[in-house]
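Here is the file data.txt (compact mmCIF, C-alpha atoms).
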# COMPACT_ATOMS: atom_id res chain seq x y z
CA MET A 27 187.74 126.14 72.43
CA SER A 28 187.11 122.45 72.88
CA TYR A 29 189.63 120.16 74.57
CA GLN A 30 190.35 117.27 72.21
CA ILE A 31 190.44 113.79 73.66
CA THR A 32 190.25 110.39 71.97
CA GLU A 33 189.46 106.97 73.45
CA GLN A 34 193.15 106.15 73.24
CA ASP A 35 193.97 109.35 75.15
CA ILE A 36 191.53 108.32 77.89
CA ASP A 37 193.27 104.96 78.29
CA GLU A 38 196.65 106.66 78.41
CA ILE A 39 195.46 109.24 80.94
CA LEU A 40 193.92 106.58 83.16
CA ASN A 41 197.09 104.49 83.10
CA LYS A 42 199.36 107.30 84.23
CA PRO A 43 201.09 106.52 87.53
CA GLY A 44 200.24 108.50 90.62
CA LYS A 45 197.31 109.32 92.84
CA VAL A 46 195.23 112.31 93.84
CA ARG A 47 193.16 113.05 96.97
CA GLY A 48 189.39 112.67 96.71
CA VAL A 49 188.90 116.26 97.90
CA VAL A 50 189.50 117.49 94.33
CA PHE A 51 186.48 115.54 93.08
CA LYS A 52 184.38 116.82 95.96
CA THR A 53 185.19 120.40 94.90
CA ASP A 54 184.21 119.49 91.32
CA TYR A 55 180.94 118.16 92.74
CA ARG A 56 180.29 121.38 94.69
CA PHE A 57 180.90 123.45 91.58
CA ILE A 58 178.51 121.36 89.45
CA VAL A 59 175.76 121.35 92.09
CA ASP A 60 176.04 125.09 92.71
CA LYS A 61 176.03 126.00 89.03
CA PHE A 62 173.90 123.29 87.43
CA GLY A 63 172.09 121.49 90.27
CA GLU A 64 171.88 117.73 90.78
CA GLY A 65 170.78 117.41 87.13
CA GLY A 66 174.23 118.68 86.15
CA VAL A 67 175.88 115.98 88.27
CA LYS A 68 173.77 113.35 86.51
CA ARG A 69 174.85 114.65 83.10
CA VAL A 70 178.54 114.60 84.08
CA GLU A 71 178.27 111.09 85.55
CA GLU A 72 176.63 109.88 82.34
CA GLU A 73 179.53 111.41 80.39
CA LEU A 74 181.99 109.62 82.70
CA GLU A 75 180.17 106.38 81.92
CA ARG A 76 180.52 107.03 78.19
CA MET A 77 184.24 107.60 78.81
CA LYS A 78 184.33 104.20 80.58
CA CYS A 79 185.44 105.78 83.84
CA SER A 80 182.23 105.87 85.84
CA PHE A 81 182.12 106.95 89.47
CA SER A 82 179.72 108.77 91.74
CA TYR A 83 181.01 112.12 93.07
CA LYS A 84 178.70 112.02 96.04
CA ASP A 85 178.71 108.38 97.13
CA GLU A 86 182.02 106.87 96.06
CA ILE A 87 184.52 109.62 96.78
CA ASP A 88 186.08 110.31 100.15
CA ASN A 89 187.94 113.60 100.78
CA MET A 90 191.15 112.13 102.14
CA SER A 91 191.40 108.89 100.15
CA PHE A 92 193.64 108.59 97.08
CA TYR A 93 192.39 107.89 93.54
CA PRO A 94 194.20 107.35 90.19
CA ILE A 95 195.58 110.69 89.03
CA GLY A 96 194.12 110.24 85.53
CA MET A 97 190.65 110.60 87.04
CA ARG A 98 191.49 114.25 87.77
CA THR A 99 191.77 115.06 84.06
CA ILE A 100 188.89 112.77 83.08
CA SER A 101 186.57 114.45 85.60
CA LEU A 102 187.35 117.88 84.13
CA ILE A 103 186.92 116.66 80.56
CA ALA A 104 183.55 115.09 81.45
CA ILE A 105 182.43 118.37 83.06
CA HIS A 106 183.62 120.33 80.00
CA LYS A 107 181.80 117.99 77.60
CA ALA A 108 178.58 117.43 79.55
CA LEU A 109 178.04 121.01 80.69
CA GLY A 110 179.63 122.88 77.80
CA ILE A 111 182.11 124.75 80.00
CA ASP A 112 184.77 126.50 77.90
CA ARG A 113 188.39 127.40 78.78
CA GLU A 114 187.39 130.51 80.72
CA GLY A 115 184.79 128.44 82.56
CA ILE A 116 187.43 125.87 83.51
CA LYS A 117 189.67 128.67 84.83
CA GLU A 118 186.71 130.04 86.78
CA MET A 119 186.09 126.56 88.13
CA GLY A 120 189.72 126.45 89.29
CA MET A 121 189.30 129.86 90.93
CA ASN A 122 186.27 128.65 92.82
CA ALA A 123 187.77 125.35 93.95
CA PRO A 124 189.84 126.72 96.86
CA LYS A 125 186.64 128.20 98.30
CA PHE A 126 185.38 124.69 99.03
CA SER A 127 188.52 122.73 99.77
CA LEU A 128 188.92 122.00 103.47
CA MET A 129 192.67 121.52 102.99
CA ILE A 130 193.05 124.89 101.28
CA LYS A 131 190.88 126.59 103.89
CA PHE A 132 193.17 125.17 106.57
CA PHE A 133 196.20 126.40 104.60
CA MET A 134 194.74 129.87 104.07
CA ARG A 135 193.92 130.29 107.75
CA HIS A 136 197.60 130.00 108.60
CA PHE A 137 199.63 131.13 105.60
CA LEU A 138 198.26 134.35 104.28
CA SER A 139 201.19 136.39 103.05
CA PRO A 140 202.61 135.96 99.50
CA GLU A 141 205.93 134.96 101.10
CA LYS A 142 204.25 132.18 103.08
CA ILE A 143 202.25 131.01 100.08
CA PHE A 144 205.52 130.93 98.11
CA GLU A 145 207.15 128.92 100.87
CA LYS A 146 204.33 126.45 101.44
CA ALA A 147 202.96 125.91 97.91
CA GLY A 148 205.07 122.78 97.37
CA GLU A 149 203.76 121.22 100.58
CA MET A 150 200.18 121.82 99.45
CA TRP A 151 200.92 120.03 96.19
CA GLU A 152 202.31 117.04 98.09
CA LYS A 153 199.16 116.92 100.21
CA HIS A 154 197.02 116.53 97.09
CA TYR A 155 199.20 114.58 94.62
CA THR A 156 201.59 111.65 94.99
CA VAL A 157 203.46 112.49 91.76
CA GLY A 158 204.93 115.68 90.34
CA ALA A 159 206.22 118.63 92.31
CA LEU A 160 205.22 122.26 92.55
CA LYS A 161 208.22 124.50 93.09
CA PRO A 162 208.01 128.26 93.41
CA THR A 163 211.02 129.63 91.53
CA GLU A 164 210.91 133.43 91.58
CA MET A 165 209.26 136.09 93.67
CA ASP A 166 209.60 139.84 93.26
CA LEU A 167 207.10 141.71 95.40
CA GLU A 168 208.25 145.09 94.08
CA LYS A 169 207.65 144.01 90.50
CA ARG A 170 204.51 142.25 91.72
CA CYS A 171 205.46 139.00 90.06
CA MET A 172 205.90 135.37 91.06
CA LYS A 173 206.81 132.21 89.17
CA ALA A 174 206.19 128.58 90.03
CA SER A 175 206.72 125.40 88.03
CA ILE A 176 205.21 121.94 88.05
CA TYR A 177 207.79 119.24 87.38
CA ASP A 178 207.70 115.50 86.70
CA ILE A 179 204.12 115.36 85.55
CA GLU A 180 202.52 115.93 82.17
CA LEU A 181 199.50 118.18 82.50
CA HIS A 182 196.60 117.96 80.07
CA PRO A 183 195.71 121.51 78.82
CA ILE A 184 192.43 121.35 80.75
CA LEU A 185 194.32 120.75 83.99
CA SER A 186 196.76 123.58 83.18
CA ASP A 187 193.82 125.95 82.69
CA TYR A 188 192.24 124.72 85.90
CA PHE A 189 195.49 125.30 87.82
CA CYS A 190 195.80 128.82 86.36
CA GLY A 191 192.50 129.71 88.03
CA TYR A 192 193.29 127.75 91.19
CA PHE A 193 196.72 129.26 91.86
CA SER A 194 195.60 132.77 90.94
CA PHE A 195 192.85 132.67 93.56
CA ILE A 196 195.19 131.47 96.31
CA LEU A 197 197.72 134.16 95.46
CA LYS A 198 194.97 136.77 95.28
CA MET A 199 194.19 135.97 98.92
CA GLY A 200 197.79 136.70 99.79
CA VAL A 201 198.38 139.87 97.78
CA GLY A 202 194.89 141.30 98.10
CA GLU A 203 194.51 141.98 94.36
CA ASP A 204 193.42 140.17 91.22
CA VAL A 205 196.21 138.02 89.81
CA SER A 206 196.87 137.23 86.13
CA VAL A 207 198.46 133.91 85.22
CA VAL A 208 200.23 132.67 82.12
CA GLU A 209 201.21 129.02 81.74
CA GLU A 210 204.04 127.91 79.43
CA GLN A 211 205.51 124.52 78.72
CA LYS A 212 209.29 124.65 79.01
CA GLU A 213 212.23 122.33 78.82
CA SER A 214 215.10 122.27 81.27
CA GLU A 215 218.75 122.02 80.22
CA ASP A 216 218.70 118.29 80.89
CA GLY A 217 215.74 117.87 78.55
CA ASN A 218 212.97 117.51 81.14
CA LYS A 219 209.71 119.19 80.31
CA TYR A 220 207.91 121.24 82.91
CA HIS A 221 205.02 123.69 83.20
CA GLU A 222 205.87 127.23 84.27
CA PHE A 223 203.20 129.53 85.73
CA THR A 224 203.90 133.28 85.82
CA PHE A 225 201.74 135.34 88.15
CA THR A 226 201.45 139.12 88.02
CA TRP A 227 199.27 141.50 89.97
CA MET B 19 212.52 100.57 112.30
CA VAL B 20 213.01 104.13 113.53
CA ASN B 21 211.73 105.43 110.22
CA LYS B 22 208.59 103.32 110.46
CA LYS B 23 208.02 104.57 114.01
CA GLU B 24 208.50 108.18 112.91
CA LYS B 25 206.18 107.62 109.94
CA ASP B 26 203.49 106.11 112.21
CA LYS B 27 203.85 109.07 114.57
CA THR B 28 203.47 111.53 111.68
CA GLU B 29 200.45 109.64 110.37
CA THR B 30 198.84 109.72 113.82
CA LEU B 31 199.54 113.44 114.16
CA LEU B 32 198.10 114.11 110.70
CA GLU B 33 195.00 112.12 111.61
CA ASP B 34 194.64 114.10 114.86
CA ILE B 35 194.98 117.40 112.99
CA SER B 36 192.48 116.26 110.40
CA MET B 37 189.99 115.34 113.17
CA LEU B 38 190.57 118.65 114.93
CA GLU B 39 190.07 120.51 111.66
CA GLN B 40 186.82 118.61 111.08
CA TYR B 41 185.68 119.48 114.62
CA ILE B 42 186.37 123.19 114.03
CA GLN B 43 184.59 123.01 110.69
CA ASP B 44 181.54 121.29 112.23
CA LEU B 45 181.37 123.91 114.99
CA PHE B 46 181.76 126.73 112.45
CA GLU B 47 178.92 125.29 110.39
CA PHE B 48 176.68 124.54 113.37
CA THR B 49 176.72 127.92 115.09
CA PRO B 50 173.47 129.84 114.43
CA LEU B 51 175.34 133.17 114.62
CA PRO B 52 176.55 134.59 111.29
CA LEU B 53 180.33 134.30 111.34
CA CYS B 54 183.10 134.97 108.84
CA PHE B 55 186.89 135.00 108.76
CA ILE B 56 188.72 137.82 106.99
CA ASN B 57 192.39 138.20 106.13
CA PRO B 58 194.29 141.36 107.18
CA LYS B 59 193.76 142.77 103.67
CA GLY B 60 190.03 142.66 104.27
CA MET B 61 189.22 139.69 102.05
CA ILE B 62 186.65 137.17 103.16
CA LEU B 63 188.16 133.71 103.44
CA GLU B 64 185.32 131.82 105.05
CA ALA B 65 181.67 132.34 105.91
CA ASN B 66 179.47 129.94 107.82
CA PRO B 67 175.99 128.78 106.66
CA ALA B 68 174.25 131.17 109.12
CA PHE B 69 176.16 134.09 107.56
CA LEU B 70 175.18 133.02 104.05
CA GLU B 71 171.55 132.62 105.09
CA GLU B 72 171.31 136.05 106.74
CA THR B 73 173.04 137.93 103.91
CA GLY B 74 171.68 135.92 100.98
CA TYR B 75 175.15 135.46 99.45
CA SER B 76 176.54 132.10 98.38
CA GLU B 77 180.13 131.05 98.98
CA TYR B 78 180.76 131.76 95.28
CA ASP B 79 179.59 135.34 95.71
CA ILE B 80 181.49 136.18 98.82
CA ILE B 81 184.68 134.15 99.34
CA GLY B 82 187.67 136.10 98.07
CA LYS B 83 185.68 139.33 98.01
CA GLU B 84 186.35 142.36 100.17
CA LEU B 85 184.59 143.06 103.44
CA SER B 86 183.01 146.09 101.73
CA VAL B 87 180.71 143.65 99.88
CA PHE B 88 178.47 143.65 102.94
CA ILE B 89 179.69 146.58 105.08
CA ASP B 90 180.12 150.19 103.93
CA GLU B 91 183.66 150.58 102.55
CA GLU B 92 184.73 153.36 104.90
CA ILE B 93 183.45 151.51 107.97
CA ALA B 94 185.05 148.26 106.76
CA MET B 95 188.44 149.97 106.46
CA LYS B 96 188.00 151.48 109.92
CA ILE B 97 187.20 148.07 111.42
CA ILE B 98 190.31 146.50 109.87
CA ARG B 99 192.58 149.38 110.94
CA GLU B 100 191.18 149.21 114.46
CA LEU B 101 191.65 145.45 114.74
CA LEU B 102 195.22 145.59 113.54
CA GLU B 103 195.89 147.66 116.65
CA LYS B 104 193.57 146.21 119.26
CA ASP B 105 192.23 142.74 120.01
CA ASN B 106 188.52 143.11 119.60
CA ILE B 107 185.47 145.24 118.94
CA GLU B 108 182.34 144.44 120.88
CA ASP B 109 178.70 145.20 120.35
CA ARG B 110 178.97 148.00 117.79
CA GLU B 111 176.09 148.88 115.50
CA VAL B 112 176.59 148.50 111.76
CA ALA B 113 174.44 148.27 108.63
CA ILE B 114 174.79 144.97 106.76
CA LYS B 115 174.15 144.99 103.01
CA THR B 116 172.45 141.82 101.76
CA LYS B 117 172.80 140.39 98.25
CA GLU B 118 169.30 141.65 97.47
CA GLY B 119 170.38 145.16 98.44
CA ASP B 120 168.45 145.27 101.72
CA ILE B 121 170.08 146.90 104.71
CA LEU B 122 170.00 144.94 107.95
CA PRO B 123 170.52 146.83 111.19
CA ALA B 124 173.00 144.77 113.18
CA THR B 125 175.42 144.79 116.03
CA PHE B 126 178.80 143.20 115.37
CA PHE B 127 181.62 141.60 117.30
CA ALA B 128 185.08 141.22 115.81
CA LYS B 129 188.31 139.70 117.07
CA SER B 130 191.75 139.71 115.55
CA ARG B 131 193.56 136.40 115.29
CA LYS B 132 197.25 136.55 116.01
CA ILE B 133 200.04 134.13 115.23
CA LYS B 134 203.16 134.05 117.35
CA ASP B 135 205.96 136.15 115.81
CA GLU B 136 203.77 137.17 112.86
CA GLY B 137 201.10 139.38 114.39
CA VAL B 138 197.57 139.63 113.10
CA ASN B 139 196.81 136.95 110.56
CA GLY B 140 193.07 137.41 110.29
CA ILE B 141 189.86 138.70 111.79
CA PHE B 142 186.80 136.84 113.04
CA LEU B 143 183.64 138.83 112.53
CA SER B 144 180.20 137.93 113.75
CA PHE B 145 177.01 139.95 113.75
CA PHE B 146 173.59 139.83 115.29
CA ASN B 147 170.71 140.83 113.07
CA LEU B 148 168.68 143.51 114.88
CA THR B 149 165.87 143.74 112.30
CA GLU B 150 163.28 142.02 114.52
CA ILE B 151 164.43 143.87 117.65
CA LYS B 152 164.33 147.22 115.83
CA LYS B 153 160.87 146.35 114.50
CA LYS B 154 159.65 145.55 118.02
CA GLU B 155 161.40 148.68 119.32
CA ASN B 156 159.52 150.78 116.77
CA GLU B 157 156.26 149.05 117.63
CA ILE B 158 156.86 149.76 121.31
CA LYS B 159 157.73 153.41 120.55
CA LYS B 160 154.54 153.74 118.51
CA SER B 161 152.44 152.10 121.24
CA LYS B 162 154.07 154.34 123.85
CA LYS B 163 153.21 157.45 121.83
CA GLU B 164 149.63 156.30 121.40
CA LEU B 165 149.39 155.54 125.10
CA GLU B 166 150.75 158.98 126.00
CA LYS B 167 148.20 160.61 123.72
CA LYS B 168 145.41 158.60 125.31
CA MET B 169 146.62 159.52 128.78
CA GLU B 170 146.68 163.20 127.82
CA GLU B 171 143.09 162.96 126.61
CA MET B 172 142.11 161.19 129.82
CA GLU B 173 143.77 163.87 131.91
CA LYS B 174 141.94 166.57 129.96
CA PHE B 175 138.69 164.72 130.44
CA ASN B 176 139.49 164.23 134.08
CA ARG B 177 140.24 167.90 134.56
CA LEU B 178 136.92 168.75 132.91
CA THR B 179 134.85 166.29 134.93
CA ILE B 180 136.55 167.11 138.24
CA GLY B 181 136.06 170.85 137.57
CA ARG B 182 132.38 170.21 136.93
CA GLU B 183 132.12 168.15 140.11
CA LEU B 184 133.75 170.90 142.14
CA LYS B 185 131.45 173.53 140.65
CA MET B 186 128.41 171.34 141.46
CA THR B 187 129.55 170.96 145.07
CA GLU B 188 130.15 174.70 145.29
CA LEU B 189 126.70 175.42 143.93
CA LYS B 190 125.16 172.85 146.25
CA ASP B 191 126.87 174.55 149.21
CA LYS B 192 125.64 177.92 148.01
CA VAL B 193 122.04 176.66 147.66
CA GLU B 194 122.17 175.12 151.14
CA LYS B 195 123.55 178.35 152.57
CA LEU B 196 120.84 180.40 150.88
CA GLN B 197 118.16 177.95 152.05
CA LYS B 198 119.40 178.30 155.59
CA GLU B 199 119.37 182.09 155.34
CA LEU B 200 115.86 181.96 153.90
CA GLU B 201 114.71 179.73 156.80
CA LYS B 202 116.27 182.18 159.23
CA TYR B 203 114.58 185.08 157.54
CA LYS B 204 111.20 183.31 157.58
CA ASN B 205 111.48 182.50 161.26
CA SER B 206 112.38 186.00 162.18
Now that the file is in, can you turn its structure into structure tokens?
Amino acid sequence: MSYQITEQDIDEILNKPGKVRGVVFKTDYRFIVDKFGEGGVKRVEEELERMKCSFSYKDEIDNMSFYPIGMRTISLIAIHKALGIDREGIKEMGMNAPKFSLMIKFFMRHFLSPEKIFEKAGEMWEKHYTVGALKPTEMDLEKRCMKASIYDIELHPILSDYFCGYFSFILKMGVGEDVSVVEEQKESEDGNKYHEFTFTW
Amino acid sequence: MVNKKEKDKTETLLEDISMLEQYIQDLFEFTPLPLCFINPKGMILEANPAFLEETGYSEYDIIGKELSVFIDEEIAMKIIRELLEKDNIEDREVAIKTKEGDILPATFFAKSRKIKDEGVNGIFLSFFNLTEIKKKENEIKKSKKELEKKMEEMEKFNRLTIGRELKMTELKDKVEKLQKELEKYKNS
């Protein structure tokens, strides 16, 4: 499956309010280098240029600095287009990202149980993004199931797929087993749309 | 005003934590000893560059995988069970499986990490590759065996030559004695 994006979409995505920490782009960079080498980085950066959103992963991004949130989606789209990574590949990319994120490593060193992950997930979101909120909503360890929702932010399907992989890996570290994730777009009673992630293991 | 002060304080603390985290990370990456951090369920959360170099795995291969990726499953379980009860294991021999399927003889050190009120929250595991030492040990054993064989041959040779020497002396004494008796006989 190919993620559809038009020039108008790119403008809209780039104009969305909110910021994201540079660490997310650094993890993208690690993934590209490890899987496709520096040549892969060049291809992605050329794609970013075509999308009129050029930046250098290696030289212009700082782990802790904030960047426009739209760049998060654009970076993933450029990787998808330039390197031909499909939906499963994007999920795999999300699964690999926590392996390289210093912030997640720090988190995982201290909060290893599913209960702690459930409790602290929202804080981790706030450390990475200035808009939206991640709220764990249900946890049933006996039924081996957990739910969490992302509110107040519209996620492009590529970012939803990426988060499916990302969250499943973090939870896997807590429960010690492979975790399946399903993402659904829902609407609250007051008409607000949100993204619900259901995890089972 | 108070809020701004509190915010500044928080920012400073966050900066300090970030610096401390970076320091730990730098140290973790610098150490030439293979080192990894495992959660109580036996999953590898971190591995330093020395670990990746010795085992041939990349972070992709190993992070999130079970300890049994590089240590025999039964032994891995035993290590985890042991460390949930006691603080550390020191200098114990183990076979490390590399990505290529080679087996490295090694000695490992492991320490459980505890968090107040929560108990064991992870395990540090480090190993020392004994391949070169074992190789030298085998070379020394081989040399020792060869030396012992040579010494045995020497001893045999020695016994032979000394026996011949003694016989010669004995014969010489006998000849001298006979010569003396002959002289005596001639004179009488």
Restrict the distance test to all atoms listed in the file, flag each residue of chain A within 7 Å of chain B, and return the flagged residues as a ChimeraX atom specification. /A:122,125,138,199,202
Output for the residues just chosen: C-alpha atoms as a PDB file, keeping the file's coordinate frame:
ATOM      1  CA  ASN A 122     186.270 128.650  92.820  1.00  0.00           C
ATOM      2  CA  LYS A 125     186.640 128.200  98.300  1.00  0.00           C
ATOM      3  CA  LEU A 138     198.260 134.350 104.280  1.00  0.00           C
ATOM      4  CA  MET A 199     194.190 135.970  98.920  1.00  0.00           C
ATOM      5  CA  GLY A 202     194.890 141.300  98.100  1.00  0.00           C
TER       6      GLY A 202
END
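In this comparison, which uses all atoms listed in the file, the residue of B:Glu111, B:Asp105, B:Asp44, B:Glu33 approaching Ile93 of chain B most closely is B:Glu111.
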Which neighbours of Gly44 of chain A fall inside 8 Å, counting all atoms listed in the file, when residues of the same chain fewer than 2 positions from it are skipped, and could you give them as number ranges by chain? A: 42, 46, 94-95, 155-157
Could you write out that same residue set with C-alpha atoms as a compact mmCIF listing (two decimals), in the coordinates of the input?
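Saved the output as selection_18.txt:
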# COMPACT_ATOMS: atom_id res chain seq x y z
CA LYS A 42 199.36 107.30 84.23
CA VAL A 46 195.23 112.31 93.84
CA PRO A 94 194.20 107.35 90.19
CA ILE A 95 195.58 110.69 89.03
CA TYR A 155 199.20 114.58 94.62
CA THR A 156 201.59 111.65 94.99
CA VAL A 157 203.46 112.49 91.76
Find the spatial neighbours of Val201 of chain A, counting only C-alpha atoms, within a cut-off of 8 Å - ignore same-chain residues fewer than 3 positions away - and output them as a ChimeraX atom specification. /A:139-140,197-198
Quick one: residues within 6 Å of segment 97-104 of chain A, all atoms listed in the file counted, chain neighbours fewer than 2 positions away excluded, as a list in words?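 My list of contacting residues is Val70, Glu73, Leu74, Pro94, Ile95, His106, Lys107 and Ala108 of chain A.
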Measuring between only C-alpha atoms, which one of B:Asp191, B:Asp109, B:Glu118, B:Glu103 shows the shortest distance to Ile141 of chain B? B:Glu103
Expected axis-aligned box over every listed atom of segment 187-191 of chain B, 8 Å added per side, centre plus edges in Å to one decimal, as lines of an AutoDock Vina configuration file:
center_x = 127.7
center_y = 173.2
center_z = 146.6
size_x = 21.0
size_y = 20.5
size_z = 21.3
Neighbours of point (192.9, 116.0, 103.9) within 10 Å, using all atoms listed in the file, written as a ChimeraX atom specification: /A:47-49,88-91,127-130,132,153-154 /B:32-33,35-37,39-40
Can you work out the spacing between atom CA of Glu91 of chain B and atom CA of Leu45 of chain B in Å, to one decimal? 29.5 Å
Straight-line distance linking atom CA of Ile105 of chain A with atom CA of Ile179 of chain A, stated in Å to one decimal: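 A separation of 22.0 Å between them.
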Nearest candidate to Gln30 of chain A (options A:Ile58, A:Gly66, A:Glu215, A:Ile184; using only C-alpha atoms): A:Ile184
Any idea what the distance is between atom CA of Lys173 of chain A and atom CA of Gly158 of chain A?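 Separating atom CA of Lys173 of chain A from atom CA of Gly158 of chain A is a distance of 16.7 Å.
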